[in-house]
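Engineer: run31.txt is the file, holding compact mmCIF, C-alpha atoms:
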```
# COMPACT_ATOMS: atom_id res chain seq x y z
CA MET A 1 -18.90 25.38 -17.62
CA THR A 2 -18.15 22.80 -14.92
CA ASP A 3 -14.77 22.18 -13.36
CA SER A 4 -12.86 19.21 -14.70
CA PRO A 5 -12.70 16.30 -12.25
CA PRO A 6 -9.65 16.08 -10.02
CA SER A 7 -6.93 13.80 -11.26
CA LEU A 8 -4.37 11.72 -9.42
CA ARG A 9 -0.61 11.87 -9.79
CA ALA A 10 1.72 9.40 -8.14
CA THR A 11 5.37 8.53 -7.85
CA PHE A 12 7.08 5.89 -5.77
CA ILE A 13 10.24 6.26 -3.73
CA PRO A 14 12.18 3.13 -2.67
CA VAL A 15 13.11 3.34 1.03
CA THR A 16 14.84 1.26 3.71
CA PRO A 17 17.47 -1.41 3.06
CA LEU A 18 14.61 -3.59 1.75
CA GLN A 19 13.87 -1.10 -1.06
CA GLN A 20 10.20 -0.78 -0.21
CA ASN A 21 8.17 1.42 -2.56
CA SER A 22 6.66 4.28 -0.60
CA THR A 23 4.12 5.96 -2.87
CA LEU A 24 3.50 9.71 -2.91
CA LEU A 25 0.11 10.39 -4.43
CA TRP A 26 -1.67 13.70 -4.77
CA CYS A 27 -4.71 15.49 -6.09
CA THR A 28 -3.84 17.80 -8.99
CA ARG A 29 -6.72 20.16 -8.19
CA THR A 30 -5.70 20.86 -4.59
CA MET A 31 -2.05 19.68 -4.58
CA LYS A 32 -2.83 17.91 -1.31
CA GLY A 33 -1.28 14.49 -0.99
CA ALA A 34 -0.54 11.42 1.07
CA LEU A 35 2.43 9.16 1.56
CA VAL A 36 1.56 5.47 1.44
CA ASP A 37 3.81 3.24 3.55
CA PRO A 38 6.43 5.77 4.72
CA GLY A 39 8.57 3.06 6.30
CA GLY A 40 11.89 4.88 6.56
CA ASP A 41 14.39 7.26 4.94
CA LEU A 42 12.16 10.13 6.01
CA ASP A 43 14.46 12.86 4.64
CA LYS A 44 14.26 11.22 1.21
CA LEU A 45 10.47 11.13 1.41
CA LYS A 46 10.18 14.74 2.55
CA ALA A 47 12.47 15.81 -0.29
CA ALA A 48 10.18 14.11 -2.82
CA VAL A 49 7.16 15.86 -1.34
CA ALA A 50 8.90 19.22 -1.62
CA GLN A 51 10.12 18.48 -5.17
CA HIS A 52 6.56 17.93 -6.39
CA GLY A 53 5.10 20.90 -4.50
CA VAL A 54 2.68 18.72 -2.55
CA THR A 55 1.13 19.56 0.81
CA LEU A 56 0.83 16.36 2.82
CA GLU A 57 -2.47 15.88 4.63
CA LYS A 58 -2.19 12.28 5.85
CA LEU A 59 -0.21 9.05 5.90
CA LEU A 60 -1.68 5.79 4.61
CA VAL A 61 -0.49 2.30 5.58
CA THR A 62 -1.14 -0.95 3.69
CA HIS A 63 0.14 -3.30 6.40
CA GLY A 64 2.20 -3.54 9.54
CA HIS A 65 5.59 -4.84 8.39
CA ILE A 66 8.67 -2.88 9.43
CA ASP A 67 9.78 -1.74 5.95
CA HIS A 68 6.30 -0.37 5.22
CA CYS A 69 5.53 1.50 8.41
CA GLY A 70 8.45 1.39 10.85
CA GLN A 71 8.87 5.16 10.94
CA THR A 72 5.29 6.16 10.13
CA GLY A 73 4.56 7.16 13.71
CA GLU A 74 7.69 9.31 13.84
CA LEU A 75 6.77 11.13 10.64
CA ALA A 76 3.19 11.64 11.81
CA ARG A 77 4.37 13.24 15.05
CA GLU A 78 6.93 15.42 13.29
CA LEU A 79 4.50 16.78 10.71
CA GLY A 80 1.28 16.63 12.75
CA LEU A 81 -0.44 14.27 10.31
CA PRO A 82 -3.08 11.59 10.86
CA ILE A 83 -2.43 7.95 10.02
CA GLU A 84 -5.09 5.87 8.26
CA GLY A 85 -4.71 2.11 7.94
CA PRO A 86 -4.12 -0.71 7.96
CA HIS A 87 -6.95 -3.03 9.08
CA GLU A 88 -6.89 -3.62 12.84
CA ALA A 89 -5.94 -7.27 12.32
CA ASP A 90 -2.38 -5.97 11.84
CA ARG A 91 -2.18 -4.58 15.37
CA PHE A 92 0.00 -7.63 16.13
CA TRP A 93 2.62 -6.47 13.61
CA ILE A 94 2.55 -2.80 14.58
CA ALA A 95 3.07 -3.70 18.23
CA ARG A 96 6.36 -5.43 17.40
CA LEU A 97 7.88 -2.77 15.12
CA ALA A 98 10.70 -1.90 17.53
CA ASP A 99 11.79 -5.54 17.85
CA ASP A 100 11.50 -6.17 14.11
CA GLY A 101 13.44 -2.98 13.42
CA ARG A 102 16.40 -4.27 15.42
CA SER A 103 16.32 -7.49 13.42
CA TYR A 104 16.31 -5.72 10.05
CA GLY A 105 18.48 -2.71 10.89
CA ILE A 106 15.59 -0.27 10.48
CA ASN A 107 14.46 2.17 13.15
CA GLY A 108 10.90 1.30 14.09
CA ALA A 109 8.37 2.24 16.75
CA PRO A 110 4.79 1.14 17.39
CA PHE A 111 1.99 3.64 16.72
CA GLU A 112 -1.77 3.82 16.93
CA PRO A 113 -3.45 4.81 13.66
CA ASP A 114 -6.00 7.59 13.86
CA ARG A 115 -8.25 5.35 11.81
CA TRP A 116 -8.20 1.60 11.32
CA LEU A 117 -9.63 0.70 7.91
CA GLU A 118 -12.23 -1.88 6.91
CA ASP A 119 -13.06 -3.47 3.59
CA GLY A 120 -15.34 -1.10 1.69
CA ASP A 121 -14.13 2.06 3.42
CA THR A 122 -12.89 5.04 1.45
CA VAL A 123 -10.05 7.45 2.10
CA THR A 124 -9.76 10.96 0.71
CA VAL A 125 -6.67 12.73 -0.59
CA GLY A 126 -7.53 16.28 -1.53
CA ASP A 127 -10.63 15.90 -3.71
CA LEU A 128 -9.78 12.30 -4.61
CA VAL A 129 -11.63 9.33 -3.16
CA LEU A 130 -9.84 5.97 -2.97
CA ASP A 131 -11.49 2.65 -2.18
CA VAL A 132 -10.12 0.45 0.59
CA ILE A 133 -9.94 -3.28 -0.14
CA HIS A 134 -9.03 -5.68 2.66
CA CYS A 135 -6.66 -8.29 1.17
CA PRO A 136 -5.42 -10.62 3.92
CA GLY A 137 -2.86 -13.35 3.42
CA HIS A 138 0.55 -11.69 3.52
CA THR A 139 -0.61 -10.21 6.81
CA PRO A 140 -4.11 -10.52 8.26
CA GLY A 141 -4.78 -6.78 8.14
CA HIS A 142 -3.35 -5.90 4.74
CA VAL A 143 -5.33 -3.33 2.72
CA VAL A 144 -5.09 -2.10 -0.87
CA PHE A 145 -5.87 1.45 -2.01
CA HIS A 146 -7.65 1.73 -5.36
CA HIS A 147 -8.49 4.83 -7.39
CA ALA A 148 -10.93 3.62 -10.02
CA PRO A 149 -10.92 6.74 -12.25
CA SER A 150 -7.13 6.48 -12.61
CA ARG A 151 -7.12 2.68 -12.87
CA LEU A 152 -4.41 2.65 -10.22
CA ALA A 153 -3.98 0.40 -7.19
CA ILE A 154 -1.40 0.60 -4.41
CA VAL A 155 -1.13 -3.05 -3.42
CA GLY A 156 1.68 -3.28 -0.86
CA ASP A 157 2.96 -6.85 -0.66
CA VAL A 158 -0.13 -8.66 -1.96
CA ILE A 159 1.17 -9.10 -5.51
CA PHE A 160 4.32 -8.18 -7.42
CA GLN A 161 5.46 -8.24 -11.00
CA GLY A 162 5.91 -11.99 -11.47
CA SER A 163 5.33 -12.97 -7.86
CA ILE A 164 3.04 -12.74 -4.83
CA GLY A 165 3.50 -11.87 -1.17
CA ARG A 166 5.16 -14.23 1.27
CA THR A 167 2.88 -16.11 3.63
CA ASP A 168 5.46 -17.81 5.85
CA PHE A 169 5.50 -14.97 8.39
CA PRO A 170 3.40 -15.25 11.56
CA LEU A 171 -0.35 -15.01 10.78
CA GLY A 172 0.27 -15.39 7.04
CA ASN A 173 -2.18 -17.51 5.05
CA HIS A 174 -1.50 -18.65 1.50
CA ALA A 175 -5.10 -19.58 0.69
CA ASP A 176 -6.34 -16.20 1.91
CA LEU A 177 -3.78 -14.43 -0.25
CA LEU A 178 -4.76 -16.31 -3.41
CA GLU A 179 -8.43 -15.62 -2.72
CA ALA A 180 -7.75 -11.91 -2.17
CA ILE A 181 -5.89 -11.65 -5.47
CA THR A 182 -8.36 -13.58 -7.60
CA LYS A 183 -11.62 -12.46 -5.94
CA LYS A 184 -10.80 -8.87 -5.01
CA LEU A 185 -8.05 -7.60 -7.30
CA TRP A 186 -8.81 -9.26 -10.65
CA PRO A 187 -12.35 -7.76 -10.73
CA LEU A 188 -10.79 -4.27 -10.67
CA GLY A 189 -9.93 -4.80 -14.33
CA GLY A 190 -6.95 -6.03 -16.31
CA GLU A 191 -5.99 -2.51 -17.38
CA THR A 192 -5.45 -1.47 -13.78
CA VAL A 193 -1.84 -0.53 -13.07
CA PHE A 194 -0.59 -1.52 -9.63
CA VAL A 195 2.34 -0.23 -7.62
CA PRO A 196 3.72 -3.10 -5.52
CA GLY A 197 5.63 -2.82 -2.29
CA HIS A 198 8.85 -3.85 -4.04
CA GLY A 199 9.97 -3.81 -7.65
CA GLN A 200 8.33 -2.30 -10.70
CA PRO A 201 4.65 -1.63 -11.42
CA SER A 202 2.63 -3.99 -13.59
CA THR A 203 -0.98 -4.54 -14.63
CA PHE A 204 -3.43 -7.15 -13.48
CA ALA A 205 -3.85 -8.34 -17.07
CA HIS A 206 -0.12 -8.95 -17.38
CA GLU A 207 -0.04 -10.92 -14.14
CA ARG A 208 -3.11 -12.97 -15.11
CA ALA A 209 -1.23 -13.93 -18.27
CA THR A 210 2.28 -14.50 -16.88
CA ASN A 211 2.48 -14.69 -13.07
CA PRO A 212 3.59 -18.23 -12.16
CA PHE A 213 1.55 -18.15 -8.94
CA VAL A 214 -1.77 -16.61 -10.00
CA ALA A 215 -1.95 -16.68 -13.80
CA ASP A 216 -5.28 -17.91 -15.12
CA ARG A 217 -3.65 -21.10 -16.41
CA VAL A 218 -2.52 -21.82 -12.83
CA THR A 219 -5.73 -20.92 -11.00
CA GLY A 220 -8.07 -22.26 -13.65
CA LEU A 221 -9.86 -18.93 -14.03
CA VAL A 222 -11.04 -17.65 -17.40
CA SER A 223 -10.70 -13.96 -18.22
```
Would you put the structure from the file into structure tokens?
Structural biologist:
Amino acid sequence: MTDSPPSLRATFIPVTPLQQNSTLLWCTRTMKGALVDPGGDLDKLKAAVAQHGVTLEKLLVTHGHIDHCGQTGELARELGLPIEGPHEADRFWIARLADDGRSYGINGAPFEPDRWLEDGDTVTVGDLVLDVIHCPGHTPGHVVFHHAPSRLAIVGDVIFQGSIGRTDFPLGNHADLLEAITKKLWPLGGETVFVPGHGQPSTFAHERATNPFVADRVTGLVS
């Protein structure tokens, strides 16, 4: 008899005054986990980890905006954890976390990830393997984490239920964002559930049918 494959569990915890969804995901076989985008409210995040009986082994970052990673470096130092992500093109944003934190009322400090991520990389969480997809546009170094067996994607601020990420920040690019969504996310499958950086989860199929920015009727794509 062979062991059953490891499965993924996930829950998201809104943090910071911007109500950013930090995702706690873990491997059910090992109970080892990762926090994606631990931007602030660290006591709240640590309480969620303890509640679910998870042992954190790393921190993952989708992109360099203050609400997503302002306190990631602090948490990494406190718990002795490595940081993986985002793509190095977001070094610009990570370098200005302290200044942006003062603007938004969020404590922030620059950090150096232990591993910058590239399109096509993988990250491990326990026995799970997640694919890394570089999706620039909202920021130049934005990445998405995708676990194909679970049909789950952690998409940061690339796409939301009924909306898409802003591109009016420095180094944003609207055309790049649309291309990332239609060329990199849609092929993951309509049944894929995604956890956005703000708001409630959705599926790619629902957004292809209803999203006023990237629905098929808007982009001219055919399912």
Engineer: Once you count all atoms listed in the file, what closest atom pair and distance in Å to one decimal does each residue of range 41-133 of chain A within 10 Å of range 155-170 of chain A have, with rows by chain and rising residue number, as a tab-separated table?
Structural biologist:
```
residue	atom	partner	partner_atom	distance
A:Val61	CA	A:Gly156	CA	8.8
A:Thr62	CA	A:Gly156	CA	5.8
A:His63	CA	A:Gly156	CA	7.4
A:His65	CA	A:Asp157	CA	9.6
A:His68	CA	A:Gly156	CA	8.2
A:Phe92	CA	A:Pro170	CA	9.5
A:Trp93	CA	A:Pro170	CA	9.0
A:Ile133	CA	A:Val155	CA	9.4
```
Engineer: Restricting the calculation to all atoms listed in the file, which member of A:Glu57, A:Gly137, A:Ala95, A:His206 is positioned closest to Asn173 in chain A?
Structural biologist: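 Checking each candidate against Asn173 in chain A, we get A:Gly137 as the closest.
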Engineer: Taking all atoms listed in the file into account, which of A:His52, A:Arg91, A:His138, A:Arg115 comes nearest His174 in chain A?
Structural biologist: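 Ranking A:His52, A:Arg91, A:His138, A:Arg115 by distance to His174 in chain A, first place goes to A:His138.
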Engineer: Considering all atoms listed in the file, can you say which of A:Leu75, A:Ala109, A:Val144, A:Val54 comes closest to Val195 in chain A?
Structural biologist: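 Checking each of A:Leu75, A:Ala109, A:Val144, A:Val54 against Val195 in chain A, counting all atoms listed in the file, the winner is A:Val144.
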Engineer: Do a neighbour search on Cys27 in chain A at 10 Å with all atoms listed in the file, toss out local chain neighbours closer than 5 positions, and write the hits as a PyMOL selection string.
Structural biologist: chain A and resi 6-10+32-34+54-55+124-129
Engineer: Which residue out of A:Phe111, A:His87, A:Trp26, A:Pro149 has the minimum interatomic distance to Pro5 in chain A when all atoms listed in the file are used?
Structural biologist: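 Answer, going by the shortest atom-to-atom distance: A:Pro149.
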Engineer: Between CA of His146 in chain A and CA of Arg208 in chain A, what distance in Å does the model show, to one decimal?
Structural biologist: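 Those two atoms sit 18.2 Å apart.
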Engineer: Rank A:Ile13, A:Leu178, A:Val214, A:Leu117 by their smallest atom-to-atom distance to Leu42 in chain A, using only C-alpha atoms, and report the top residue only.
Structural biologist: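 Nearest to Leu42 in chain A: A:Ile13.
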Engineer: Interatomic distance between CA of Pro201 in chain A and CA of Asp37 in chain A?
Structural biologist: 15.8 Å
Engineer: Taking (-11.6, 2.1, -11.2) in the file's own coordinates, collect the residues within 10 Å, counting only C-alpha atoms, and hand them back as a ChimeraX atom specification.
Structural biologist: /A:130-131,146-153,187-189,191-192
Engineer: Would you kindly return, as a PyMOL selection string, each protein, DNA or RNA residue with an atom no farther than 8 Å from any atom of Ser22 in chain A, considering all atoms listed in the file and excluding same-chain residues fewer than 2 positions away?
Structural biologist: chain A and resi 12-15+20+24+35-39+68+197
Engineer: One decimal, Å: what's the distance from CA of Met31 in chain A over to CA of Gly53 in chain A, could you say?
Structural biologist: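 Rounded to one decimal, the two atoms are 7.3 Å apart.
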Engineer: Can you sort out range 204-215 of chain A so it carries all heavy atoms, written as a compact mmCIF listing (two decimals), in the coordinates of the input?
Structural biologist:
```txt
# COMPACT_ATOMS: atom_id res chain seq x y z
N PHE A 204 -2.80 -5.87 -13.84
CA PHE A 204 -3.43 -7.15 -13.48
C PHE A 204 -3.54 -8.06 -14.69
O PHE A 204 -3.40 -9.29 -14.56
CB PHE A 204 -4.80 -6.89 -12.85
CG PHE A 204 -4.72 -6.21 -11.50
CD1 PHE A 204 -5.69 -5.30 -11.11
CD2 PHE A 204 -3.68 -6.49 -10.62
CE1 PHE A 204 -5.62 -4.68 -9.87
CE2 PHE A 204 -3.60 -5.87 -9.38
CZ PHE A 204 -4.58 -4.97 -9.00
N ALA A 205 -3.78 -7.50 -15.87
CA ALA A 205 -3.85 -8.34 -17.07
C ALA A 205 -2.53 -9.06 -17.32
O ALA A 205 -2.51 -10.25 -17.66
CB ALA A 205 -4.23 -7.50 -18.28
N HIS A 206 -1.43 -8.33 -17.16
CA HIS A 206 -0.12 -8.95 -17.38
C HIS A 206 0.11 -10.09 -16.40
O HIS A 206 0.62 -11.16 -16.78
CB HIS A 206 0.98 -7.90 -17.24
CG HIS A 206 2.36 -8.43 -17.48
ND1 HIS A 206 2.83 -8.71 -18.74
CD2 HIS A 206 3.37 -8.75 -16.62
CE1 HIS A 206 4.07 -9.18 -18.65
NE2 HIS A 206 4.41 -9.21 -17.37
N GLU A 207 -0.27 -9.87 -15.14
CA GLU A 207 -0.04 -10.92 -14.14
C GLU A 207 -0.97 -12.11 -14.36
O GLU A 207 -0.58 -13.25 -14.15
CB GLU A 207 -0.21 -10.34 -12.74
CG GLU A 207 0.77 -9.21 -12.42
CD GLU A 207 2.21 -9.56 -12.75
OE1 GLU A 207 2.69 -10.62 -12.30
OE2 GLU A 207 2.87 -8.78 -13.48
N ARG A 208 -2.21 -11.85 -14.82
CA ARG A 208 -3.11 -12.97 -15.11
C ARG A 208 -2.58 -13.82 -16.26
O ARG A 208 -2.87 -15.02 -16.35
CB ARG A 208 -4.51 -12.45 -15.44
CG ARG A 208 -5.23 -11.83 -14.27
CD ARG A 208 -6.69 -11.53 -14.58
NE ARG A 208 -7.48 -12.76 -14.68
CZ ARG A 208 -8.81 -12.79 -14.69
NH1 ARG A 208 -9.49 -11.66 -14.60
NH2 ARG A 208 -9.45 -13.93 -14.79
N ALA A 209 -1.77 -13.19 -17.12
CA ALA A 209 -1.23 -13.93 -18.27
C ALA A 209 0.11 -14.60 -17.96
O ALA A 209 0.43 -15.63 -18.56
CB ALA A 209 -1.06 -12.98 -19.45
N THR A 210 0.88 -14.05 -17.02
CA THR A 210 2.28 -14.50 -16.88
C THR A 210 2.71 -14.91 -15.48
O THR A 210 3.72 -15.59 -15.33
CB THR A 210 3.22 -13.38 -17.35
OG1 THR A 210 3.10 -12.25 -16.48
CG2 THR A 210 2.92 -12.95 -18.78
N ASN A 211 2.01 -14.46 -14.44
CA ASN A 211 2.48 -14.69 -13.07
C ASN A 211 2.43 -16.18 -12.75
O ASN A 211 1.38 -16.81 -12.84
CB ASN A 211 1.61 -13.89 -12.11
CG ASN A 211 2.18 -13.84 -10.70
OD1 ASN A 211 2.36 -14.86 -10.06
ND2 ASN A 211 2.45 -12.63 -10.22
N PRO A 212 3.57 -16.79 -12.37
CA PRO A 212 3.59 -18.23 -12.16
C PRO A 212 2.77 -18.70 -10.96
O PRO A 212 2.53 -19.91 -10.82
CB PRO A 212 5.08 -18.53 -11.94
CG PRO A 212 5.67 -17.24 -11.48
CD PRO A 212 4.91 -16.17 -12.17
N PHE A 213 2.33 -17.77 -10.12
CA PHE A 213 1.55 -18.15 -8.94
C PHE A 213 0.05 -17.96 -9.12
O PHE A 213 -0.74 -18.71 -8.55
CB PHE A 213 2.02 -17.33 -7.72
CG PHE A 213 3.45 -17.56 -7.37
CD1 PHE A 213 4.44 -16.73 -7.87
CD2 PHE A 213 3.82 -18.61 -6.55
CE1 PHE A 213 5.77 -16.93 -7.55
CE2 PHE A 213 5.15 -18.83 -6.21
CZ PHE A 213 6.13 -17.99 -6.73
N VAL A 214 -0.34 -16.94 -9.90
CA VAL A 214 -1.77 -16.61 -10.00
C VAL A 214 -2.25 -16.38 -11.43
O VAL A 214 -3.32 -15.83 -11.65
CB VAL A 214 -2.13 -15.38 -9.13
CG1 VAL A 214 -2.11 -15.74 -7.65
CG2 VAL A 214 -1.19 -14.21 -9.43
N ALA A 215 -1.48 -16.77 -12.42
CA ALA A 215 -1.95 -16.68 -13.80
C ALA A 215 -3.20 -17.55 -13.96
O ALA A 215 -3.39 -18.53 -13.25
CB ALA A 215 -0.87 -17.14 -14.78
```
